[in-house]
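A.B. asks: You'll find model18.txt just under this line, and it carries compact mmCIF, C-alpha atoms and all ligand atoms.
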```txt
# COMPACT_ATOMS: atom_id res chain seq x y z
CA VAL D 4 -4.09 -5.04 14.04
CA GLY D 5 -0.42 -4.96 13.12
CA ALA D 6 1.33 -1.60 12.65
CA ILE D 7 -1.01 -0.20 9.97
CA GLY D 8 -4.16 -1.90 11.29
CA SER D 9 -3.53 -0.42 14.75
CA MET D 10 -3.24 3.06 13.26
CA VAL D 11 -6.48 2.44 11.35
CA VAL D 12 -8.25 1.55 14.61
CA ARG D 13 -6.88 4.61 16.43
CA HIS D 14 -8.01 6.98 13.64
CA ALA D 15 -11.31 5.15 13.05
CA LEU D 16 -12.21 5.64 16.72
CA GLU D 17 -11.80 9.41 16.19
CA ARG D 18 -14.42 9.18 13.41
CA SER D 19 -17.22 7.84 15.56
CA TYR D 20 -19.65 10.12 13.69
CA TRP D 21 -19.47 7.68 10.76
CA VAL D 22 -17.40 4.66 11.85
CA GLU D 23 -18.46 2.13 14.43
CA LEU D 24 -15.76 -0.39 15.28
CA VAL D 25 -17.37 -3.79 15.76
CA GLY D 26 -14.35 -6.08 15.97
CA ALA D 27 -10.68 -6.69 15.29
CA VAL D 28 -8.87 -9.79 14.04
CA ASP D 29 -5.27 -10.90 14.26
CA SER D 30 -3.57 -14.25 13.82
CA ASP D 31 -0.93 -13.42 16.43
CA PRO D 32 -1.84 -15.42 19.60
CA ALA D 33 -0.16 -12.73 21.72
CA LYS D 34 -2.91 -10.28 20.66
CA VAL D 35 -5.97 -12.55 20.65
CA GLY D 36 -8.29 -12.09 23.64
CA ARG D 37 -6.83 -8.72 24.66
CA ASP D 38 -8.77 -5.47 24.57
CA VAL D 39 -8.39 -3.76 21.18
CA GLY D 40 -7.45 -0.46 22.83
CA ASP D 41 -4.54 -2.12 24.61
CA VAL D 42 -3.33 -3.91 21.43
CA VAL D 43 -3.40 -0.76 19.27
CA GLY D 44 -1.57 1.33 21.85
CA LEU D 45 -4.41 3.41 23.29
CA ARG D 46 -4.35 4.18 26.98
CA LYS D 47 -8.02 3.24 27.32
CA GLU D 48 -10.02 0.07 26.79
CA VAL D 49 -12.57 0.08 23.97
CA GLY D 50 -14.61 -2.85 25.26
CA LEU D 51 -13.89 -5.19 22.33
CA THR D 52 -11.37 -8.01 22.32
CA VAL D 53 -9.17 -9.11 19.41
CA SER D 54 -10.51 -12.28 17.76
CA ALA D 55 -8.46 -15.01 16.10
CA THR D 56 -10.72 -15.23 13.06
CA LEU D 57 -13.23 -13.09 11.19
CA ASP D 58 -15.94 -15.68 11.92
CA GLU D 59 -15.37 -15.24 15.67
CA ALA D 60 -15.24 -11.44 15.40
CA LEU D 61 -18.64 -11.41 13.70
CA GLU D 62 -20.43 -13.72 16.11
CA GLY D 63 -23.62 -11.90 17.13
CA ARG D 64 -22.56 -8.70 15.35
CA GLU D 65 -23.26 -7.01 12.04
CA ALA D 66 -20.74 -5.16 9.94
CA ASP D 67 -20.48 -3.43 6.55
CA LEU D 68 -16.79 -3.34 5.71
CA VAL D 69 -13.43 -4.85 6.60
CA VAL D 70 -10.28 -2.73 6.63
CA HIS D 71 -7.77 -5.43 5.76
CA THR D 72 -4.05 -5.01 6.53
CA THR D 73 -2.35 -8.41 6.80
CA SER D 74 0.01 -8.99 3.87
CA SER D 75 1.44 -7.71 0.59
CA PHE D 76 0.80 -10.87 -1.38
CA LEU D 77 -2.33 -11.74 -3.33
CA GLU D 78 -2.15 -15.52 -2.90
CA LYS D 79 -1.81 -15.16 0.87
CA VAL D 80 -4.73 -12.75 1.23
CA THR D 81 -7.15 -14.45 -1.18
CA PRO D 82 -8.72 -16.80 1.42
CA GLU D 83 -9.03 -13.84 3.83
CA LEU D 84 -10.80 -11.74 1.16
CA GLU D 85 -13.00 -14.69 0.20
CA ARG D 86 -14.11 -15.16 3.80
CA ALA D 87 -15.00 -11.46 4.08
CA ALA D 88 -16.96 -11.63 0.81
CA GLU D 89 -18.82 -14.74 1.99
CA HIS D 90 -19.87 -12.75 5.06
CA GLY D 91 -21.24 -10.07 2.70
CA LEU D 92 -18.61 -7.51 3.72
CA ASP D 93 -16.97 -4.93 1.46
CA VAL D 94 -13.19 -4.80 1.77
CA VAL D 95 -10.66 -2.01 1.56
CA SER D 96 -7.17 -3.51 1.78
CA SER D 97 -3.57 -2.33 1.96
CA CYS D 98 -2.34 -5.48 0.17
CA GLU D 99 0.05 -4.12 -2.47
CA GLN D 100 -0.61 -6.83 -5.04
CA LEU D 101 -4.36 -6.26 -4.72
CA SER D 102 -3.94 -2.70 -6.05
CA PHE D 103 -3.72 -4.13 -9.58
CA PRO D 104 -4.13 -7.90 -9.24
CA TYR D 105 -4.53 -8.33 -13.01
CA TYR D 106 -0.76 -7.75 -13.22
CA THR D 107 0.17 -10.23 -10.46
CA ASN D 108 -2.25 -13.06 -11.06
CA PRO D 109 -5.10 -12.50 -13.55
CA THR D 110 -6.67 -15.89 -12.79
CA LEU D 111 -6.96 -15.14 -9.08
CA ALA D 112 -8.17 -11.61 -9.87
CA GLU D 113 -10.97 -12.99 -12.09
CA ARG D 114 -11.93 -15.48 -9.36
CA LEU D 115 -12.16 -12.72 -6.73
CA ASP D 116 -14.11 -10.48 -9.11
CA LEU D 117 -16.66 -13.23 -9.79
CA LEU D 118 -17.02 -14.03 -6.09
CA ALA D 119 -17.42 -10.35 -5.17
CA LYS D 120 -20.13 -9.92 -7.80
CA ARG D 121 -21.91 -13.08 -6.69
CA GLU D 122 -21.88 -11.94 -3.04
CA GLY D 123 -22.73 -8.33 -3.96
CA VAL D 124 -19.61 -6.87 -2.32
CA THR D 125 -16.82 -4.53 -3.39
CA ILE D 126 -13.12 -5.29 -2.90
CA LEU D 127 -10.48 -2.58 -3.35
CA GLY D 128 -6.69 -2.58 -2.86
CA THR D 129 -5.28 0.85 -2.03
CA GLY D 130 -2.69 2.64 0.08
CA ILE D 131 -0.08 5.31 -0.49
CA ASN D 132 2.17 3.29 -2.78
CA PRO D 133 0.72 1.47 -4.57
CA GLY D 134 -2.63 3.22 -4.42
CA PHE D 135 -1.72 6.88 -4.74
CA ALA D 136 1.79 8.35 -5.11
CA MET D 137 3.12 6.40 -8.10
CA ASP D 138 -0.10 5.55 -9.95
CA VAL D 139 -3.26 7.51 -9.01
CA LEU D 140 -1.48 10.87 -8.65
CA PRO D 141 0.42 10.63 -12.00
CA ALA D 142 -2.77 9.40 -13.71
CA VAL D 143 -4.71 12.44 -12.44
CA LEU D 144 -1.86 14.74 -13.56
CA THR D 145 -2.32 13.56 -17.17
CA ALA D 146 -5.96 14.75 -17.16
CA PRO D 147 -5.10 18.19 -18.66
CA CYS D 148 -2.78 16.69 -21.33
CA LEU D 149 -3.72 16.42 -25.02
CA ASN D 150 -0.99 13.85 -25.52
CA VAL D 151 1.48 12.05 -23.29
CA ARG D 152 4.80 10.67 -24.55
CA ALA D 153 6.24 9.48 -21.25
CA ILE D 154 5.71 9.59 -17.49
CA ASN D 155 8.56 9.47 -14.98
CA VAL D 156 7.78 9.06 -11.29
CA THR D 157 10.26 9.16 -8.41
CA ARG D 158 9.42 8.61 -4.75
CA LYS D 159 12.25 9.21 -2.31
CA MET D 160 11.87 8.84 1.41
CA ASP D 161 13.82 8.67 4.63
CA ALA D 162 13.12 5.27 6.19
CA SER D 163 14.11 6.57 9.67
CA ASN D 164 10.65 7.83 10.48
CA ARG D 165 8.74 4.81 9.16
CA ARG D 166 7.33 1.81 11.00
CA VAL D 167 9.58 -1.10 12.00
CA PRO D 168 8.05 -3.74 9.61
CA PHE D 169 8.78 -1.33 6.73
CA ARG D 170 12.47 -0.96 7.66
CA ARG D 171 12.71 -4.73 8.11
CA LYS D 172 11.36 -5.26 4.59
CA LEU D 173 14.12 -2.99 3.26
CA GLY D 174 16.89 -4.97 4.98
CA VAL D 175 17.99 -1.93 7.01
CA GLY D 176 21.09 -2.75 9.11
CA MET D 177 22.19 -5.87 7.18
CA ASN D 178 25.59 -6.18 5.58
CA VAL D 179 25.59 -6.25 1.77
CA GLU D 180 26.14 -10.02 1.49
CA GLU D 181 23.27 -10.74 3.93
CA PHE D 182 21.09 -8.36 1.92
CA ARG D 183 21.86 -10.00 -1.44
CA GLU D 184 21.25 -13.47 0.04
CA ALA D 185 17.94 -12.28 1.59
CA VAL D 186 16.86 -10.88 -1.82
CA ARG D 187 17.78 -14.21 -3.51
CA ASN D 188 15.79 -16.31 -1.02
CA GLY D 189 12.84 -13.88 -0.93
CA LYS D 190 13.26 -12.80 2.71
CA ILE D 191 13.77 -9.23 1.49
CA THR D 192 11.18 -8.23 -1.04
CA GLY D 193 12.19 -4.59 -1.28
CA HIS D 194 9.19 -2.55 -2.33
CA VAL D 195 6.23 -4.68 -3.40
CA GLY D 196 3.93 -2.95 -5.85
CA LEU D 197 6.04 -1.20 -8.49
CA GLY D 198 4.79 -3.51 -11.25
CA GLU D 199 1.23 -2.94 -10.01
CA SER D 200 1.74 0.86 -10.04
CA VAL D 201 3.10 0.82 -13.61
CA SER D 202 0.19 -1.40 -14.72
CA LEU D 203 -2.48 0.65 -12.92
CA LEU D 204 -1.13 3.89 -14.42
CA ALA D 205 -0.99 2.40 -17.93
CA SER D 206 -4.48 1.01 -17.54
CA ALA D 207 -5.84 4.43 -16.47
CA LEU D 208 -4.47 5.92 -19.73
CA SER D 209 -5.68 2.91 -21.78
CA TRP D 210 -2.07 2.24 -22.77
CA LYS D 211 -1.43 -1.35 -23.83
CA LEU D 212 1.66 -2.44 -21.95
CA GLU D 213 3.93 -4.72 -23.98
CA GLU D 214 6.26 -5.34 -21.07
CA VAL D 215 6.72 -4.39 -17.42
CA ARG D 216 10.32 -4.70 -16.18
CA VAL D 217 10.73 -4.54 -12.40
CA GLY D 218 14.35 -4.40 -11.26
CA GLU D 219 15.67 -6.29 -8.25
CA ALA D 220 15.98 -4.31 -4.99
CA GLN D 221 19.46 -2.76 -4.88
CA PRO D 222 21.07 -1.90 -1.54
CA VAL D 223 21.74 1.73 -0.63
CA ILE D 224 24.82 1.74 1.58
CA SER D 225 24.91 3.83 4.75
CA LEU D 226 27.47 6.61 5.06
CA GLY D 227 26.81 6.54 8.81
CA LYS D 228 25.23 10.00 8.81
CA ALA D 229 21.61 9.62 9.93
CA ARG D 230 19.81 12.62 11.39
CA ASP D 231 18.11 10.48 14.00
CA LEU D 232 20.58 8.56 16.17
CA ARG D 233 17.91 6.05 17.26
CA THR D 234 17.66 4.70 13.72
CA ALA D 235 21.24 5.42 12.54
CA VAL D 236 22.88 2.69 10.47
CA GLU D 237 26.58 1.92 10.79
CA ALA D 238 28.63 3.07 7.77
CA GLY D 239 28.99 0.31 5.16
CA ARG D 240 25.77 -1.46 6.16
CA VAL D 241 22.49 -1.39 4.25
CA ALA D 242 20.48 1.80 4.83
CA GLY D 243 17.61 0.82 2.51
CA VAL D 244 16.81 0.15 -1.14
CA LYS D 245 16.64 1.58 -4.62
CA GLN D 246 14.33 -0.07 -7.07
CA THR D 247 13.14 0.76 -10.57
CA ALA D 248 10.40 -0.37 -12.90
CA VAL D 249 9.58 0.50 -16.49
CA GLY D 250 6.56 0.02 -18.69
CA VAL D 251 7.02 -0.47 -22.44
CA VAL D 252 4.31 0.82 -24.78
CA GLU D 253 4.57 0.67 -28.60
CA GLY D 254 8.18 -0.43 -28.36
CA ARG D 255 9.41 2.35 -26.10
CA GLN D 256 9.82 3.05 -22.41
CA ALA D 257 6.70 5.13 -21.71
CA ILE D 258 6.56 4.73 -17.92
CA SER D 259 9.55 4.86 -15.63
CA HIS D 260 9.35 4.49 -11.85
CA THR D 261 12.16 4.96 -9.33
CA PHE D 262 11.62 4.15 -5.66
CA LEU D 263 14.21 5.10 -3.05
CA ALA D 264 13.73 4.41 0.65
CA TYR D 265 16.66 4.51 3.02
CA VAL D 266 17.65 5.75 6.43
CA GLY D 267 19.22 9.21 6.18
CA ALA D 268 17.82 10.23 2.76
CA ARG D 269 18.35 14.00 2.68
CA GLU D 270 15.47 15.22 0.61
CA GLU D 271 12.15 13.39 0.59
CA TYR D 272 9.83 13.94 -2.33
CA ASP D 273 7.25 12.62 -4.76
CA LEU D 274 8.17 13.79 -8.25
CA VAL D 275 5.93 13.25 -11.26
CA GLU D 276 7.08 14.38 -14.71
CA VAL D 277 4.55 14.08 -17.50
CA ASP D 278 6.21 14.60 -20.87
CA GLY D 279 3.14 15.65 -22.81
CA LEU D 280 1.26 18.54 -24.29
CA PRO D 281 1.40 20.48 -22.05
CA LYS D 282 4.24 19.22 -19.84
CA VAL D 283 3.13 18.70 -16.25
CA ILE D 284 5.73 18.54 -13.51
CA SER D 285 4.72 18.18 -9.88
CA LYS D 286 6.97 17.83 -6.86
CA ILE D 287 5.56 17.16 -3.41
CA SER D 288 8.23 17.84 -0.83
CA PRO D 289 8.51 16.26 1.64
CA CYS D 290 6.96 13.16 0.11
CA VAL D 291 3.54 12.15 1.42
CA HIS D 292 4.16 10.26 4.67
CA GLY D 293 3.65 6.59 3.85
CA ASP D 294 2.08 5.35 7.08
CA PHE D 295 -0.33 8.26 7.66
CA GLY D 296 -1.02 8.34 3.92
CA THR D 297 -1.90 4.65 3.82
CA VAL D 298 -4.21 4.83 6.82
CA ALA D 299 -5.89 7.90 5.34
CA MET D 300 -6.35 6.22 1.95
CA LEU D 301 -7.96 3.21 3.66
CA LEU D 302 -10.34 5.33 5.75
CA ASN D 303 -11.10 7.89 3.03
CA MET D 304 -11.83 5.23 0.40
CA ALA D 305 -14.06 3.21 2.76
CA PRO D 306 -17.26 5.26 2.19
CA LYS D 307 -16.54 5.31 -1.55
CA VAL D 308 -16.15 1.52 -1.51
CA LEU D 309 -19.48 1.20 0.32
CA ALA D 310 -21.11 3.29 -2.42
CA SER D 311 -19.44 1.42 -5.34
CA PRO D 312 -20.92 -1.38 -7.44
CA PRO D 313 -19.94 -4.96 -6.54
CA GLY D 314 -16.76 -6.52 -7.91
CA LEU D 315 -13.00 -6.44 -7.54
CA LEU D 316 -12.23 -2.79 -8.28
CA THR D 317 -8.99 -0.87 -8.63
CA MET D 318 -8.36 2.81 -7.88
CA LYS D 319 -9.02 3.71 -11.52
CA ASP D 320 -12.63 2.55 -11.10
CA MET D 321 -13.31 4.75 -8.08
CA VAL D 322 -15.00 8.15 -8.05
CA LEU D 323 -12.52 10.97 -7.44
CA PRO D 324 -10.31 10.00 -4.49
CA SER D 325 -10.34 12.63 -1.78
CA ALA D 326 -10.47 13.00 1.96
CA PHE D 327 -13.83 12.12 3.51
CA LEU D 328 -14.36 14.59 6.33
CA PRO D 329 -18.03 15.30 6.94
CA SER D 330 -16.97 17.04 10.15
CA LEU D 331 -13.82 19.13 10.68
N1 LIG M 1 -0.31 -0.11 -0.24
C1 LIG M 1 0.45 0.58 0.58
O1 LIG M 1 0.80 1.73 0.30
C2 LIG M 1 0.88 0.00 1.90
C3 LIG M 1 1.37 0.85 2.89
C4 LIG M 1 1.68 0.32 4.14
C5 LIG M 1 1.57 -1.06 4.36
N2 LIG M 1 1.16 -1.85 3.34
C6 LIG M 1 1.04 -3.30 3.56
O2 LIG M 1 0.03 -3.54 4.51
C7 LIG M 1 0.35 -4.74 5.24
C8 LIG M 1 0.30 -4.47 6.73
O3 LIG M 1 1.42 -3.68 7.10
P1 LIG M 1 1.93 -3.64 8.61
O4 LIG M 1 3.13 -2.80 8.62
O5 LIG M 1 0.77 -3.31 9.48
O6 LIG M 1 2.37 -5.17 8.82
P2 LIG M 1 2.39 -5.97 10.20
O7 LIG M 1 2.75 -5.07 11.32
O8 LIG M 1 3.19 -7.20 9.94
O9 LIG M 1 0.84 -6.37 10.43
C9 LIG M 1 0.19 -7.42 9.83
C10 LIG M 1 -0.64 -8.09 10.91
O10 LIG M 1 -1.58 -8.98 10.31
C11 LIG M 1 -1.57 -10.21 11.04
N3 LIG M 1 -2.04 -11.28 10.16
C12 LIG M 1 -1.38 -11.94 9.19
N4 LIG M 1 -2.18 -12.83 8.59
C13 LIG M 1 -3.39 -12.74 9.19
C14 LIG M 1 -4.63 -13.40 9.02
N5 LIG M 1 -4.79 -14.32 8.10
N6 LIG M 1 -5.65 -13.06 9.82
C15 LIG M 1 -5.50 -12.11 10.76
N7 LIG M 1 -4.35 -11.46 10.98
C16 LIG M 1 -3.30 -11.75 10.19
C17 LIG M 1 -0.13 -10.35 11.45
O11 LIG M 1 -0.01 -11.28 12.51
P3 LIG M 1 1.37 -12.13 12.67
O12 LIG M 1 2.33 -11.19 13.26
O13 LIG M 1 0.95 -13.25 13.53
O14 LIG M 1 1.74 -12.57 11.27
C18 LIG M 1 0.20 -8.93 11.88
O15 LIG M 1 -0.20 -8.66 13.19
C19 LIG M 1 1.76 -5.15 4.77
O16 LIG M 1 1.67 -6.16 3.79
C20 LIG M 1 2.30 -3.88 4.17
O17 LIG M 1 3.30 -4.11 3.20
C21 LIG M 1 0.79 -1.35 2.13
```
Now, as a test, write the supplied structure out as structure tokens.

C.D. replies:
Amino acid sequence: VGAIGSMVVRHALERSYWVELVGAVDSDPAKVGRDVGDVVGLRKEVGLTVSATLDEALEGREADLVVHTTSSFLEKVTPELERAAEHGLDVVSSCEQLSFPYYTNPTLAERLDLLAKREGVTILGTGINPGFAMDVLPAVLTAPCLNVRAINVTRKMDASNRRVPFRRKLGVGMNVEEFREAVRNGKITGHVGLGESVSLLASALSWKLEEVRVGEAQPVISLGKARDLRTAVEAGRVAGVKQTAVGVVEGRQAISHTFLAYVGAREEYDLVEVDGLPKVISKISPCVHGDFGTVAMLLNMAPKVLASPPGLLTMKDMVLPSAFLPSL
């Protein structure tokens, strides 16, 4: 129940016609033992307290699925996913590297797939990006194409209206030297998931990737002109990042991804350009909001995960992604 997990709880509680919240887990001692409603920012108690571990949360209770929102990194989340699988629970996770774990760590991916099949559970990594905007959406847009020569995807967003952990990950407010040092020592990861998005997209088209090149996060420098004074960044300091990734197929750059997230970005959009027969160009403006989009992907995919066969799945294995709204 960090930033995204808290939003999941708030929106899950509005879906009481198909979701029953049976517990919440967080490793932060400041949250453990408190009422979930209080931790996730509701003004009312929900009568469940935050547990320190999944084992404790499940004591005397039954559950079907875990919505998992702890970390971006596959190695870190593997024991958490394993524990959920051992409890017989399906998992839908916002872990970026889980969206296409065969790119990040094929050995770990195989291990999780075997465990999931043995325990009869389904594990899925999803979200807005990776999980939708730069992989699932462009893949779907190639459906009416007879051939595809190249796909270019750009996601540009204003980091002002995003959650604090997101801005922190972008190094917002640092000076350029601090930013470069933080990138070198891994404190700033920039956007995690571009390599996964390129790989997921290629895999959906059955393209054999010869190489995936993910560029280092580059600082976007503030001009000191943010629209929202509460999140304004002093001129000359880091306002956010620009990052690119390319996928090489048959010796040429067939997939090209550009991700821009910084405070004060003027136009926000998701642009997909499919150079194929026919050409397909789609611009969503403003871009799909990352936090709402991620929470929606997690909740909307949950019933589809429950209905899927066991194993470690990716978004390309799922039935058509869509909202799940049995009641308006
Ligand atoms: N795929 C996508 O499109 C997408 C979109 C949004 C977010 N994400 C990812 O989703 C993750 C969550 O984002 P966020 O903004 O909510 O981050 P956050 O605010 O840092 O929340 C993560 C929470 O998980 C807790 N936690 C860490 N390890 C745990 C464990 N083993 N067991 C129980 N709780 C644990 C953390 O506690 P401590 O504070 O004690 O560490 C923290 O409260 C991030 O990795 C983010 O990058 C992905």

A.B. asks: What do you get as JSON, numbers by chain if you pick all residues at most 8 Å from ligand LIG 1 (chain M), counting only C-alpha atoms and all ligand atoms?

C.D. replies: {"D": [4, 5, 6, 7, 8, 9, 28, 29, 30, 31, 32, 55, 56, 57, 72, 73, 74, 75, 76, 79, 80, 83, 96, 97, 98, 99, 102, 128, 129, 130, 131, 132, 133, 134, 135, 166, 167, 168, 169, 195, 196, 293, 294, 296, 297, 298]}

A.B. asks: Between D:Glu48, D:Glu62, D:Asp278, D:Glu199, which has the minimum distance to Pro109 of chain D (counting only C-alpha atoms)?

C.D. replies: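 Closest candidate: D:Glu199.
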
A.B. asks: Which residues, written as a PyMOL selection string, have at least one atom at most 12 Å from Asp273 of chain D, with all atoms listed in the file counted and residues fewer than 4 positions away on the same chain left out?

C.D. replies: chain D and resi 131-132+135-138+140-141+155-160+260-264+284-293

A.B. asks: Okay, now the selection with C-alpha atoms, as an mmCIF file, keeping the file's coordinate frame?

C.D. replies:
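out.cif, written as the output of this step:
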```cif
data_model
loop_
_atom_site.group_PDB
_atom_site.id
_atom_site.type_symbol
_atom_site.label_atom_id
_atom_site.label_comp_id
_atom_site.auth_asym_id
_atom_site.auth_seq_id
_atom_site.Cartn_x
_atom_site.Cartn_y
_atom_site.Cartn_z
ATOM 1 C CA ILE D 131 -0.080 5.310 -0.490
ATOM 2 C CA ASN D 132 2.170 3.290 -2.780
ATOM 3 C CA PHE D 135 -1.720 6.880 -4.740
ATOM 4 C CA ALA D 136 1.790 8.350 -5.110
ATOM 5 C CA MET D 137 3.120 6.400 -8.100
ATOM 6 C CA ASP D 138 -0.100 5.550 -9.950
ATOM 7 C CA LEU D 140 -1.480 10.870 -8.650
ATOM 8 C CA PRO D 141 0.420 10.630 -12.000
ATOM 9 C CA ASN D 155 8.560 9.470 -14.980
ATOM 10 C CA VAL D 156 7.780 9.060 -11.290
ATOM 11 C CA THR D 157 10.260 9.160 -8.410
ATOM 12 C CA ARG D 158 9.420 8.610 -4.750
ATOM 13 C CA LYS D 159 12.250 9.210 -2.310
ATOM 14 C CA MET D 160 11.870 8.840 1.410
ATOM 15 C CA HIS D 260 9.350 4.490 -11.850
ATOM 16 C CA THR D 261 12.160 4.960 -9.330
ATOM 17 C CA PHE D 262 11.620 4.150 -5.660
ATOM 18 C CA LEU D 263 14.210 5.100 -3.050
ATOM 19 C CA ALA D 264 13.730 4.410 0.650
ATOM 20 C CA ILE D 284 5.730 18.540 -13.510
ATOM 21 C CA SER D 285 4.720 18.180 -9.880
ATOM 22 C CA LYS D 286 6.970 17.830 -6.860
ATOM 23 C CA ILE D 287 5.560 17.160 -3.410
ATOM 24 C CA SER D 288 8.230 17.840 -0.830
ATOM 25 C CA PRO D 289 8.510 16.260 1.640
ATOM 26 C CA CYS D 290 6.960 13.160 0.110
ATOM 27 C CA VAL D 291 3.540 12.150 1.420
ATOM 28 C CA HIS D 292 4.160 10.260 4.670
ATOM 29 C CA GLY D 293 3.650 6.590 3.850
#
```

A.B. asks: Taking into account all atoms listed in the file, which residue in the set D:Arg114, D:Lys172, D:Lys190, D:Arg216 is nearest to Pro82 of chain D?

C.D. replies: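 That would be D:Arg114, the residue with the smallest distance to Pro82 of chain D.
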
A.B. asks: Hey, can you check how far atom CA of Val53 of chain D sits from atom CA of Ala27 of chain D?

C.D. replies: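 Interatomic distance, atom CA of Val53 of chain D to atom CA of Ala27 of chain D: 5.0 Å.
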
A.B. asks: Enclose all atoms of segment 80-92 of chain D listed in the file in an axis-aligned box, grow every side by 5 Å, and hand back centre and edge lengths in Å to one decimal, as lines of an AutoDock Vina configuration file.

C.D. replies:
```
center_x = -13.0
center_y = -12.2
center_z = 1.9
size_x = 26.5
size_y = 19.3
size_z = 16.2
```

A.B. asks: Find the residue from D:Glu270, D:Glu214, D:Glu23, D:Glu219 that sits nearest to Phe182 of chain D; use all atoms listed in the file when measuring.

C.D. replies: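 Residue with the minimum atom-to-atom distance to Phe182 of chain D: D:Glu219.
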
A.B. asks: Would you mind listing what lies within 10 Å of Val252 of chain D as a tab-separated table (two decimals) with C-alpha atoms, in the coordinates of the input, with all atoms listed in the file counted and same-chain residues fewer than 2 positions away left out?

C.D. replies:
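Saved the output as around.tsv:
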```tsv
chain	number	residue	atom	x	y	z
D	152	ARG	CA	4.80	10.67	-24.55
D	153	ALA	CA	6.24	9.48	-21.25
D	205	ALA	CA	-0.99	2.40	-17.93
D	210	TRP	CA	-2.07	2.24	-22.77
D	211	LYS	CA	-1.43	-1.35	-23.83
D	212	LEU	CA	1.66	-2.44	-21.95
D	213	GLU	CA	3.93	-4.72	-23.98
D	214	GLU	CA	6.26	-5.34	-21.07
D	215	VAL	CA	6.72	-4.39	-17.42
D	249	VAL	CA	9.58	0.50	-16.49
D	250	GLY	CA	6.56	0.02	-18.69
D	254	GLY	CA	8.18	-0.43	-28.36
D	255	ARG	CA	9.41	2.35	-26.10
D	256	GLN	CA	9.82	3.05	-22.41
D	257	ALA	CA	6.70	5.13	-21.71
D	258	ILE	CA	6.56	4.73	-17.92
```

A.B. asks: How many Å lie between atom CA of Ser325 of chain D and atom CA of Gly193 of chain D, rounded to one decimal?

C.D. replies: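 For atom CA of Ser325 of chain D relative to atom CA of Gly193 of chain D, the distance reads 28.4 Å.
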
A.B. asks: Taking only C-alpha atoms into account, name the residue in D:Ser54, D:Asn108, D:Asn178, D:Asn303 that is nearest to Arg240 of chain D.

C.D. replies: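 Of D:Ser54, D:Asn108, D:Asn178, D:Asn303, the one nearest Arg240 of chain D is D:Asn178, counting only C-alpha atoms.
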
A.B. asks: To one decimal place in Å, what is the distance between atom CA of Ala119 of chain D and atom CA of Lys307 of chain D?

C.D. replies: 16.1 Å

A.B. asks: So, counting all atoms listed in the file, which residue among D:Ser19, D:Gln100, D:Asn188, D:Asn150 is closest to Leu203 of chain D?

C.D. replies: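 Of D:Ser19, D:Gln100, D:Asn188, D:Asn150, the one nearest Leu203 of chain D, counting all atoms listed in the file, is D:Gln100.
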
A.B. asks: I need the residue nearest Ser259 of chain D from this list: D:Arg18, D:Ile154, D:Arg46, D:Pro281. Use only C-alpha atoms for the distance.

C.D. replies: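 That would be D:Ile154, the residue with the smallest distance to Ser259 of chain D.
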
A.B. asks: List every protein, DNA or RNA residue with an atom no more than 7 Å from (-0.9, 16.0, -20.7) in the file's coordinates, counting all atoms listed in the file, and format the result as a ChimeraX atom specification.

C.D. replies: /D:145-151,277,279-283

A.B. asks: For Glu65 of chain D, work out the shell of residues within 10 Å, counting all atoms listed in the file and skipping chain neighbours fewer than 2 positions away, then give it as number ranges by chain.

C.D. replies: D: 25-26, 60-63, 67-68, 90, 92

A.B. asks: Near Leu315 of chain D, within 10 Å and counting all atoms listed in the file, which residues show up once chain neighbours fewer than 4 positions away are dropped, as a compact mmCIF listing (two decimals) with C-alpha atoms, keeping the file's coordinate frame?

C.D. replies:
```txt
# COMPACT_ATOMS: atom_id res chain seq x y z
CA ASP D 93 -16.97 -4.93 1.46
CA VAL D 94 -13.19 -4.80 1.77
CA LEU D 101 -4.36 -6.26 -4.72
CA SER D 102 -3.94 -2.70 -6.05
CA PHE D 103 -3.72 -4.13 -9.58
CA PRO D 104 -4.13 -7.90 -9.24
CA ALA D 112 -8.17 -11.61 -9.87
CA GLU D 113 -10.97 -12.99 -12.09
CA ARG D 114 -11.93 -15.48 -9.36
CA LEU D 115 -12.16 -12.72 -6.73
CA ASP D 116 -14.11 -10.48 -9.11
CA LEU D 117 -16.66 -13.23 -9.79
CA LEU D 118 -17.02 -14.03 -6.09
CA ALA D 119 -17.42 -10.35 -5.17
CA LYS D 120 -20.13 -9.92 -7.80
CA VAL D 124 -19.61 -6.87 -2.32
CA THR D 125 -16.82 -4.53 -3.39
CA ILE D 126 -13.12 -5.29 -2.90
CA LEU D 127 -10.48 -2.58 -3.35
CA GLY D 128 -6.69 -2.58 -2.86
CA ASP D 320 -12.63 2.55 -11.10
```
